[in-house]
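First comes the structure, then the notes that go with it.
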Amino acid sequence: MLPLLSLILATLLFGTVATFLAGAKARWAALGTSVAFLAEVGFLFLSYPGWPGYNGALVPGFSDQESYAWIHLSWMQVNYTVGVDGISLVLILLTAILQLATVVYSWTEAKRPAAYFGLVTLTCLGSFGVFVALDVLLFFLFWEAVLVPMFFLIGFWGGPRRRYAALKFFVYTHVASIVMLVGLLALVFYSGSTSFDFASIYAAARGLSPVVQVFLFLPLLFGFAVKFPVVPFHTWLPDAHVEAPTGGSVLLAGILLKLGGYGLIRWAVEVLPIGFSHVRPIIFFLAFLSILWGSVLALSQRDLKRMVAYSSINHMGIVLLAIGLGSSLGLLAAVLLMFAHGIVSALLFMSAGSVHHTFGTRDIPAVGGITPTTPTLSTMMMAGSLASLGLPALISFPAEFIALLATWDGLGYLVLLPLAVLVVTAAFYLWMMQRMLFGPARGIPADAHDIPSHEGLAMGLLVAMAVLFGILPGLLVNVIANSPVKGFPGT
Amino acid sequence: MDLLSVAAPFTPELILLAAALLVFLLDVLGVRRLEALGAIGPAATGLAFVLVLADLGFSPLAGLRTLGAGSIDQVPDVGSATLYAFSSLGLVFQALFLVAAFLVSLASLSRPSRERGAAIFFGLLLLATLGMLLVAIASDLIFLLLAIELTSISTYILVGYTRRDTRSLEAAMKFYIIGALSSTLSFFGASLLFGAYGSTNLFAIRAVAGSVGYPVLALLGYGFLLAGLAFKTTLVPFHAWAVDVYDGAPSDVSAFLAGGSKKIGVFALFLVFIGPVLFVRVGGGSNPFVGAPFDIGPVMQVTLAAVAILTMTVGNILALLQREMKRMLAYSSISQAGYMLIGITIGTSPALAGATLQVLAHVLMKGGAFLVVAAVAGLGVGPLIDDWRGLGSRRPALSVAFALMLLSLAGVPLTIGFVSKFVLFSAAVQAEGFFVWLAIAGLLNSALSVFYYARVLKTVFFDPAPPLPSAPTIADAATPPLRAGGIGYARAAAIGIIAVVIVGLGIYPQPVLGAIQSAAAHFVNVGA
């Protein structure tokens with residue numbers, strides 16, 4: 001069998017190095033890398049055994065698995081083990097789409113383009129690695145490999161307070177990943193597994209007592225919750241988002257936040273189901289807190305980008321809620337929501353970036369009636385906002401619908417809380433559109449013109465994806481549902 | 001038994017002795033050129049390194065073995081009270097010491113050839129290395145302490161060998177006085193142990209301690225010995241001298257002190273504490289402390305753990321506050337000694353392997369960093385961290401190598417520094433219980449250390465270069481205010497080798513790690 005995952009990693013690695021060295025032609029190298037990446041991921045997606053019509057059979061374990069010895073000692077074996085299942089596959093697809101969109105959107109980046117595009121590619125390399133790694137050390141390695149380029153993206157290409165934001169981002173996420181590493185190492189050693197492989201840890205962890213499982217679950221929950229981010233560990237996010245360049249925001253919201261969700265599912269919930277079931281009240285509490293607080297904060301923002309950033313907290317809160325349900329329906333909803341949020345938030349961050357370029361401000365009350373001046377931007381923004389508020393036929397609708405269904409299934413009338421918040425959010429997006437897109441023209445500079453074609457192209461790609469998977473969510477649902485989900489009680 | 005077969009196992013040591021004598025002889029004969037004298041240094045240490053590798057069982061070199069496989073890792077007859085014993089861990093340490101000496105002497109070939117004192121420098125470097133090799137085969141306290149003395153006296157002179165620089169002379173004086181004090185403490189401890197057990201042989205001490213336990217006299221002896229060795233290893237609170245000495249010494253000598261000779265203290269602690277004290281615990285099955293009439297195991301472990309945490313934390317916090325590059329590196333060297341002590345505290349074979357790997361990593365990272373400092377000082381850059389501004393764009397290759405060393409010190413993945421910390425902390429977590437806290441303390445400390453390394457990287461790569469001191473003409477502005485010329489081929493080669501090995505072993509540590517692991521397992525099973 002073709003070592004497809006290693007091939008993709010090699011492509012990204014080669015692409016990253018080539019982009020860094022390409023100088024003025026860096027954007028072409030980055031474009032080539034992301035197109036190759038997307039093509040390979042497409043092949044991976046279509047050849048996935050869980051794909052309906054491929055062979056119809058459930059996958060017994062991870063697909064496309066590869067394993068080579070890396071560090072073998074008498075008391076521990078670390079391997080290079082990679083593999084995908086439906087959950088990681090969907091998130092890999094998201095990574096590939098967003099990398100292409102980011103590269104195209106940032107096409108005219110003038111400040112040190114080689115470094116910029118190289119770091120973008122490196123971030124995607126790290127994220128891909130996180131999604132495919134099935135070994136604790138390998139996972140941690142890729143996890144850290146995402147942090148460093150993002151730190152530089154914010155710190156070098158960001159807004160006026162970029163140094164502060166980059167440092168805050170680094171400190172928060174670095175501390176979180178150290179706690180996560182301690183949790184993962186403790187998981188390996190307490191489970192009695194000498195191998196760092198997911199499969200053997202998974203098997204060995206079955207024997208742990210509930211108390212130990214809870215104690216092992218908590219540091220992992222903390223480590224991943226900061227990445228999510230979950231209120232009250234969210235304060236790095238608005239700063240990082242607002243100061244980051246648009247490409248950085250897109251990767252941050254679109255991919256990096258998903259690492260937290262993915263990590264929680266793969267390395268905590270699946271491995272420690274009993275610990276998870278005891279910690280669920282904490283998860284629900286954090287989830288509801290994030291949903292409420294995120295939407296309250298989003299409502300009170302005047303800055304468009306900041307508003308989108310806070311609505312990310314709100315959306316990721318729903319993801320956490322769906323994971324916390326512990327049912328396979330909840331899991332399906334969580335993965336779909338992550339995919340949807342990745343596409344939609346990227347679209348909205350790009351819109352915010354374009355608004356900033358075009359009108360010199362992101363202040364919502366300062367600009368109005370932009371549609372006649374910038375019809376393309378206006379269309380894309382409207383598509384993004386409508387997708388974000390869950391309009392049917394766009395990607396968020398099936399995700400949110402399933403999430404609410406799963407919540408009703410698991411928690412009964414508590415579903416009214418996220419439902420109410422969704423309605424409020426929808427109202428806010430509509431109000432924002434009404435003020436900014438329509439009505440009398442306000443605050444439009446005389447020389448304002450519609451966005452450049454590469455920005456439109458990038459956003460168009462995302463809108464196309466939102467429509468495609470909104471109409472045909474089955475493309476994703478089948479893959480996710482046919483993954484060998486382990487550890488969910490009662491499914 | 002003919003002389004040749006007696007001498008054969010000591011071939012690496014004899015090579016160094018002969019080389020040192022040759023250097024002094026050539027000096028007397030009037031050969032003063034640094035290149036001529038200096039070439040003996042890398043040649044002798046390189047040859048000795050190859051022989052030690054052969055003795056370690058490195059198969060392509062099997063023909064060069066001077067030591068029978070049967071004579072390694074054997075417990076000698078207690079009655080015979082030998083002075084030395086070959087252990088595979090000792091051989092690993094010999095290899096590490098030789099690597100440090102090789103790299104420093106190689107880089108020193110690029111010192112200015114008109115510089116005086118080349119014979120003193122290279123001759124004493126070889127003698128100091130000889131002492132280090134002897135430490136690694138000691139099995140008797142007196143032999144051990146005399147070997148340490150040989151290294152110490154050579155390094156006292158090395159620190160002040162330039163004779164012109166008052167800072168170096170002051171550092172040498174300080175080093176000498178503190179060193180003499182620490183030797184006195186160690187010898188006093190050894191004499192107390194002799195009083196308690198009737199022997200200075202480590203195997204004999206272990207055997208007797210197993211039956212009579214640990215009387216107060218022995219406790220005092222171990223205490224003094226620990227204090228004496230703590231000076232050599234720069235453990236807090238016996239660390240203060242190190243900063244002034246590393247700062248005042250010529251940077252090449254600092255590289256040797258921090259990267260090389262300091263590690264004899266680590267191996268001496270292995271010998272003294274893993275063998276007789278902790279061996280009871282490690283070999284003794286489920287409850288380690290049952291059996292001895294008066295257990296100092298727990299007391300000793302808590303003491304060592306406290307010293308380890310204190311050393312890491314104090315070193316890191318003080319490093320954060322430094323404005324001079326060499327002082328920052330010196331404090332970071334102190335904190336790294338704390339990581340090594342974690343391994344000794346735990347005393348299991350995984351932990352020893354982790355500590356040994358940490359020693360290897362430190363030889364490369366810290367030795368390399370000081371070699372870069374020497375190179376940069378040769379380019380006319382001042383001692384402050386701020387003076388390094390903009391070096392990244394002027395000397396990109398050198399700066400990237402330096403960055404790799406600092407990243408490795410900070411424990412960033414894909415460097416040897418990450419692997420060594422990973423093995424060490426995982427060994428701590430694996431030992432469970434109280435030791436998990438050591439791992440957590442170590443992790444928090446490495447998180448803390450990231451800040452000062454990152455600050456240096458920011459200065460080197462991001463900050464704009466300082467303005468020229470005098471009003472420059474337009475022609476001058478184009479040329480950086482660095483002295484013209486390179487850093488020397490030999491030094492560049494040494495730095496390049498270090499950078500490649502740091503990353504190479506960071507990506508694929510298995511060959512080295514496997515050898516260290518089996519050596520550590522033998523060491524713990526056989527005892528000192």
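Just so we're on the same page: first chain in the structure tokens is A, next is B, and so on; residues restart at 1 for each chain, and ligands are numbered from 1 in the order they show up.
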
Based on only C-alpha atoms, which of the residues in chain B come within 7 Å of chain A? I want them as a PDB file with N, CA and C atoms, in the first residue's frame.
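Saved file out-v6.pdb follows:
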ATOM      1  N   PRO B 413      11.819  20.476  20.917  1.00  0.00           N
ATOM      2  CA  PRO B 413      11.849  19.205  20.192  1.00  0.00           C
ATOM      3  C   PRO B 413      12.763  19.225  18.966  1.00  0.00           C
ATOM      4  N   SER B 426      10.689  11.323  31.814  1.00  0.00           N
ATOM      5  CA  SER B 426       9.856  10.123  31.721  1.00  0.00           C
ATOM      6  C   SER B 426      10.355   9.084  32.714  1.00  0.00           C
ATOM      7  N   VAL B 429       8.793  10.097  35.965  1.00  0.00           N
ATOM      8  CA  VAL B 429       7.375   9.741  36.039  1.00  0.00           C
ATOM      9  C   VAL B 429       7.230   8.229  36.197  1.00  0.00           C
ATOM     10  N   GLN B 430       8.114   7.505  35.537  1.00  0.00           N
ATOM     11  CA  GLN B 430       8.039   6.051  35.600  1.00  0.00           C
ATOM     12  C   GLN B 430       8.374   5.539  36.991  1.00  0.00           C
ATOM     13  N   TYR B 508      17.299  11.402  15.573  1.00  0.00           N
ATOM     14  CA  TYR B 508      17.408   9.959  15.700  1.00  0.00           C
ATOM     15  C   TYR B 508      18.437   9.594  16.776  1.00  0.00           C
ATOM     16  N   PRO B 509      18.007   9.601  18.046  1.00  0.00           N
ATOM     17  CA  PRO B 509      18.953   9.375  19.145  1.00  0.00           C
ATOM     18  C   PRO B 509      19.247   7.898  19.411  1.00  0.00           C
ATOM     19  N   GLN B 510      18.545   7.014  18.707  1.00  0.00           N
ATOM     20  CA  GLN B 510      18.568   5.607  19.096  1.00  0.00           C
ATOM     21  C   GLN B 510      19.971   5.004  19.278  1.00  0.00           C
ATOM     22  N   GLY B 514      20.727   3.790  22.941  1.00  0.00           N
ATOM     23  CA  GLY B 514      20.794   2.348  23.220  1.00  0.00           C
ATOM     24  C   GLY B 514      22.044   1.994  24.013  1.00  0.00           C
TER      25      GLY B 514
END

Residue neighbourhood Gly68 in chain B, 9 Å, only C-alpha atoms, exclusion window fewer than 3 positions, as a VMD selection string: chain B and resid 9 55 65 71 to 72

For range 446-450 of chain B: contacts at 10 Å, only C-alpha atoms, fewer than 2 positions along chain excluded, given as a ChimeraX atom specification: /A:171,174-175,178 /B:312-313,315-317,319-320,332,335-336,339,406-407,409-412,421,440-444,452-455

Output for the residues just chosen: C-alpha atoms as a PDB file, in the first residue's frame:
ATOM      1  CA  VAL A 171       2.807  31.794  27.215  1.00  0.00           C
ATOM      2  CA  HIS A 174       3.015  26.776  26.016  1.00  0.00           C
ATOM      3  CA  VAL A 175       1.990  26.370  29.649  1.00  0.00           C
ATOM      4  CA  ILE A 178       3.407  21.436  29.186  1.00  0.00           C
TER       5      ILE A 178
ATOM      6  CA  MET B 312      17.437  24.262  38.746  1.00  0.00           C
ATOM      7  CA  THR B 313      15.308  27.074  40.109  1.00  0.00           C
ATOM      8  CA  GLY B 315      20.108  28.867  38.264  1.00  0.00           C
ATOM      9  CA  ASN B 316      17.166  29.700  36.039  1.00  0.00           C
ATOM     10  CA  ILE B 317      15.964  32.708  37.985  1.00  0.00           C
ATOM     11  CA  ALA B 319      19.979  33.508  34.473  1.00  0.00           C
ATOM     12  CA  LEU B 320      16.811  35.495  33.743  1.00  0.00           C
ATOM     13  CA  SER B 332      22.059  28.268  32.801  1.00  0.00           C
ATOM     14  CA  SER B 335      20.492  25.028  36.343  1.00  0.00           C
ATOM     15  CA  GLN B 336      21.374  22.216  33.930  1.00  0.00           C
ATOM     16  CA  TYR B 339      18.573  18.293  35.869  1.00  0.00           C
ATOM     17  CA  LEU B 406      20.080  27.653  22.815  1.00  0.00           C
ATOM     18  CA  LEU B 407      16.968  25.870  21.538  1.00  0.00           C
ATOM     19  CA  LEU B 409      19.237  24.104  26.086  1.00  0.00           C
ATOM     20  CA  ALA B 410      15.619  25.177  26.272  1.00  0.00           C
ATOM     21  CA  GLY B 411      14.543  21.640  25.421  1.00  0.00           C
ATOM     22  CA  VAL B 412      12.835  22.360  22.125  1.00  0.00           C
ATOM     23  CA  LYS B 421      14.983  15.935  29.147  1.00  0.00           C
ATOM     24  CA  ILE B 440       7.059  18.488  37.321  1.00  0.00           C
ATOM     25  CA  ALA B 441       9.677  20.763  38.910  1.00  0.00           C
ATOM     26  CA  GLY B 442      11.988  20.024  35.987  1.00  0.00           C
ATOM     27  CA  LEU B 443       9.268  20.747  33.435  1.00  0.00           C
ATOM     28  CA  LEU B 444       8.303  24.029  35.078  1.00  0.00           C
ATOM     29  CA  TYR B 452      15.861  33.894  28.700  1.00  0.00           C
ATOM     30  CA  TYR B 453      16.891  31.794  25.727  1.00  0.00           C
ATOM     31  CA  ALA B 454      14.085  33.302  23.669  1.00  0.00           C
ATOM     32  CA  ARG B 455      15.201  36.774  24.732  1.00  0.00           C
TER      33      ARG B 455
END

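Those residues of range 67-262 of chain A that DSSP, working from the backbone, places in strand (DSSP E) are Ser67, Tyr68, Ala69, Trp70, Ile71, His72, Gln77, Val78, Asn79, Tyr80, Thr81, Val82, Gly83 and Val84 of chain A.
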
Dump as a compact mmCIF listing (two decimals), in the first residue's frame, selection limited to C-alpha atoms:
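Below is the file that was written, again_10.txt:
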# COMPACT_ATOMS: atom_id res chain seq x y z
CA SER A 67 4.65 2.51 12.05
CA TYR A 68 8.43 2.64 12.33
CA ALA A 69 10.62 2.33 15.42
CA TRP A 70 12.00 5.64 16.61
CA ILE A 71 13.30 5.54 20.19
CA HIS A 72 13.31 2.04 21.65
CA GLN A 77 9.11 2.47 22.96
CA VAL A 78 8.43 5.53 20.90
CA ASN A 79 7.39 4.99 17.32
CA TYR A 80 6.66 7.01 14.28
CA THR A 81 3.07 5.84 13.97
CA VAL A 82 0.55 7.64 11.81
CA GLY A 83 -2.94 6.78 10.69
CA VAL A 84 -6.32 8.35 9.99

Range 125-129 of chain A surroundings by only C-alpha atoms, 10 Å radius, close-in-sequence under 6 positions cut, as number ranges by chain: A: 5-6, 8-13, 15-16, 37, 82, 88-89, 91-96, 99, 119, 138-149, 251, 255-256, 258-259

Can you tell me which residues surround His522 in chain B at a distance of at most 12 Å, considering only C-alpha atoms, apart from same-chain residues fewer than 5 positions away, and format the answer as an mmCIF file with N, CA and C atoms, in the first residue's frame?
data_model
loop_
_atom_site.group_PDB
_atom_site.id
_atom_site.type_symbol
_atom_site.label_atom_id
_atom_site.label_comp_id
_atom_site.auth_asym_id
_atom_site.auth_seq_id
_atom_site.Cartn_x
_atom_site.Cartn_y
_atom_site.Cartn_z
ATOM 1 N N ILE B 72 34.847 -5.798 31.784
ATOM 2 C CA ILE B 72 33.982 -4.638 32.001
ATOM 3 C C ILE B 72 32.781 -5.072 32.833
ATOM 4 N N ASP B 73 32.327 -4.175 33.696
ATOM 5 C CA ASP B 73 31.127 -4.393 34.505
ATOM 6 C C ASP B 73 31.235 -5.625 35.400
ATOM 7 N N GLN B 74 32.425 -5.904 35.919
ATOM 8 C CA GLN B 74 32.578 -7.026 36.853
ATOM 9 C C GLN B 74 32.770 -6.473 38.263
ATOM 10 N N VAL B 75 32.173 -7.147 39.242
ATOM 11 C CA VAL B 75 32.431 -6.771 40.634
ATOM 12 C C VAL B 75 33.747 -7.422 41.033
ATOM 13 N N PHE B 86 36.629 -1.142 35.414
ATOM 14 C CA PHE B 86 36.052 -0.631 34.174
ATOM 15 C C PHE B 86 34.563 -0.927 34.138
ATOM 16 N N SER B 87 33.769 0.118 34.020
ATOM 17 C CA SER B 87 32.332 -0.095 33.835
ATOM 18 C C SER B 87 31.952 0.512 32.491
ATOM 19 N N SER B 88 30.891 -0.009 31.870
ATOM 20 C CA SER B 88 30.555 0.541 30.557
ATOM 21 C C SER B 88 30.059 1.979 30.692
ATOM 22 N N LEU B 89 29.411 2.301 31.821
ATOM 23 C CA LEU B 89 28.991 3.683 31.992
ATOM 24 C C LEU B 89 30.215 4.595 32.121
ATOM 25 N N GLY B 90 31.243 4.091 32.819
ATOM 26 C CA GLY B 90 32.484 4.849 32.922
ATOM 27 C C GLY B 90 33.084 5.098 31.548
ATOM 28 N N LEU B 91 33.037 4.064 30.708
ATOM 29 C CA LEU B 91 33.570 4.225 29.348
ATOM 30 C C LEU B 91 32.745 5.250 28.559
ATOM 31 N N GLY B 275 26.106 3.680 43.952
ATOM 32 C CA GLY B 275 26.656 2.416 44.407
ATOM 33 C C GLY B 275 26.192 2.056 45.794
ATOM 34 N N THR B 348 17.350 5.001 39.427
ATOM 35 C CA THR B 348 17.032 3.819 38.632
ATOM 36 C C THR B 348 17.841 3.872 37.336
ATOM 37 N N SER B 349 17.885 2.743 36.641
ATOM 38 C CA SER B 349 18.715 2.757 35.438
ATOM 39 C C SER B 349 18.155 3.677 34.352
ATOM 40 N N PRO B 350 16.820 3.774 34.172
ATOM 41 C CA PRO B 350 16.345 4.776 33.217
ATOM 42 C C PRO B 350 16.774 6.190 33.588
ATOM 43 N N LEU B 352 19.381 7.111 35.361
ATOM 44 C CA LEU B 352 20.813 7.297 35.125
ATOM 45 C C LEU B 352 21.081 7.502 33.647
ATOM 46 N N ALA B 353 20.372 6.727 32.821
ATOM 47 C CA ALA B 353 20.531 6.894 31.378
ATOM 48 C C ALA B 353 20.142 8.308 30.984
ATOM 49 N N ALA B 515 23.179 2.560 23.597
ATOM 50 C CA ALA B 515 24.432 2.260 24.296
ATOM 51 C C ALA B 515 24.385 2.777 25.729
ATOM 52 N N ILE B 516 23.883 3.999 25.907
ATOM 53 C CA ILE B 516 23.830 4.582 27.253
ATOM 54 C C ILE B 516 22.882 3.782 28.139
ATOM 55 N N GLN B 517 21.768 3.360 27.544
ATOM 56 C CA GLN B 517 20.793 2.612 28.324
ATOM 57 C C GLN B 517 21.385 1.318 28.870
ATOM 58 N N GLY B 527 26.515 -2.036 40.578
ATOM 59 C CA GLY B 527 26.944 -1.080 41.589
ATOM 60 C C GLY B 527 28.157 -0.334 41.073
ATOM 61 N N ALA B 528 28.787 0.366 41.963
ATOM 62 C CA ALA B 528 29.906 1.211 41.531
ATOM 63 C C ALA B 528 31.014 0.387 40.908
#

9 Å contact set for Leu468 in chain A, only C-alpha atoms, chain neighbours under 3 positions out, as an MDAnalysis selection string: chainID A and resid 393:395 463:465 471:473

So that I have them on file, write out the residues from the current selection with N, CA and C atoms, as a PDB file, in the first residue's frame.
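Below you can see part18.pdb, which holds the result:
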ATOM      1  N   ALA A 393     -28.844  24.854   3.876  1.00  0.00           N
ATOM      2  CA  ALA A 393     -28.099  24.739   2.619  1.00  0.00           C
ATOM      3  C   ALA A 393     -26.695  25.289   2.745  1.00  0.00           C
ATOM      4  N   LEU A 394     -26.354  25.797   3.910  1.00  0.00           N
ATOM      5  CA  LEU A 394     -24.957  26.147   4.147  1.00  0.00           C
ATOM      6  C   LEU A 394     -24.432  25.232   5.255  1.00  0.00           C
ATOM      7  N   ILE A 395     -23.083  25.092   5.336  1.00  0.00           N
ATOM      8  CA  ILE A 395     -22.467  24.025   6.106  1.00  0.00           C
ATOM      9  C   ILE A 395     -22.832  24.030   7.592  1.00  0.00           C
ATOM     10  N   VAL A 463     -16.773  29.883   0.197  1.00  0.00           N
ATOM     11  CA  VAL A 463     -18.228  29.889   0.032  1.00  0.00           C
ATOM     12  C   VAL A 463     -18.660  28.631  -0.716  1.00  0.00           C
ATOM     13  N   ALA A 464     -17.873  28.268  -1.747  1.00  0.00           N
ATOM     14  CA  ALA A 464     -18.210  27.061  -2.504  1.00  0.00           C
ATOM     15  C   ALA A 464     -18.204  25.833  -1.601  1.00  0.00           C
ATOM     16  N   MET A 465     -17.217  25.766  -0.722  1.00  0.00           N
ATOM     17  CA  MET A 465     -17.144  24.633   0.191  1.00  0.00           C
ATOM     18  C   MET A 465     -18.333  24.631   1.143  1.00  0.00           C
ATOM     19  N   ILE A 471     -25.106  21.394   1.251  1.00  0.00           N
ATOM     20  CA  ILE A 471     -26.144  20.657   0.526  1.00  0.00           C
ATOM     21  C   ILE A 471     -25.904  19.160   0.640  1.00  0.00           C
ATOM     22  N   LEU A 472     -24.622  18.772   0.641  1.00  0.00           N
ATOM     23  CA  LEU A 472     -24.298  17.354   0.705  1.00  0.00           C
ATOM     24  C   LEU A 472     -23.506  17.028   1.972  1.00  0.00           C
ATOM     25  N   PRO A 473     -24.086  17.254   3.162  1.00  0.00           N
ATOM     26  CA  PRO A 473     -23.329  16.959   4.387  1.00  0.00           C
ATOM     27  C   PRO A 473     -23.000  15.473   4.509  1.00  0.00           C
TER      28      PRO A 473
END

Atomic distance CA of Ala107 in chain B - CA of Ala492 in chain B, expressed in Å with one decimal: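 Between these atoms lies a distance of 7.4 Å.
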
Distance in Å - CA of Thr374 in chain A versus CA of Phe469 in chain A: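 For CA of Thr374 in chain A relative to CA of Phe469 in chain A, the distance reads 26.9 Å.
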
Coordinates-based distance that separates CA of Leu218 in chain A from CA of Ala406 in chain A (Å, one decimal):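 Interatomic distance, CA of Ala406 in chain A to CA of Leu218 in chain A: 24.3 Å.
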
Long-range neighbours of Ser251 in chain B as a PyMOL selection string, 12 Å cut-off, only C-alpha atoms, 5 positions minimum in chain: chain B and resi 104+107-108+111+158-160+162+168+245-246+256-259+325-327+329-330+366-378+383

Write the residues of the preceding selection, restricted to C-alpha atoms, as a compact mmCIF listing (two decimals), in the first residue's frame.
# COMPACT_ATOMS: atom_id res chain seq x y z
CA VAL B 104 37.60 22.55 22.61
CA ALA B 107 38.30 25.13 18.16
CA SER B 108 41.34 26.50 19.99
CA ARG B 111 43.18 31.15 18.54
CA LEU B 158 44.07 27.03 32.51
CA VAL B 159 41.68 29.71 33.74
CA GLY B 160 44.54 32.16 34.29
CA THR B 162 46.85 34.27 29.62
CA SER B 168 41.14 35.87 34.34
CA VAL B 245 35.09 31.71 36.93
CA TYR B 246 33.19 30.96 33.70
CA PHE B 256 35.93 23.12 28.67
CA LEU B 257 34.96 23.84 32.28
CA ALA B 258 31.21 24.01 31.75
CA GLY B 259 31.00 21.44 28.98
CA MET B 325 26.08 36.63 27.71
CA LYS B 326 28.69 34.58 29.55
CA ARG B 327 27.08 35.09 32.95
CA LEU B 329 25.30 30.91 30.09
CA ALA B 330 27.04 30.23 33.41
CA LYS B 366 27.03 24.51 26.55
CA GLY B 367 30.47 23.70 25.21
CA GLY B 368 29.26 24.81 21.80
CA ALA B 369 27.67 27.98 23.15
CA PHE B 370 30.91 29.06 24.85
CA LEU B 371 32.86 28.30 21.68
CA VAL B 372 30.48 30.58 19.80
CA VAL B 373 30.96 33.26 22.47
CA ALA B 374 34.72 32.99 21.95
CA ALA B 375 34.22 33.29 18.18
CA VAL B 376 31.95 36.30 18.52
CA ALA B 377 34.31 37.98 20.98
CA GLY B 378 37.03 37.48 18.36
CA PRO B 383 30.21 41.01 26.46

Proximity to Ile385 in chain B - best of B:Pro466, B:Gly46, B:Gly221, B:Gly198, only C-alpha atoms: B:Pro466

Filtered DSSP result for range 214-380 of chain A, state helix (DSSP H, G or I), as a ChimeraX atom specification: /A:214-227,236-243,246-269,273-299,304-325,328-359,375-380
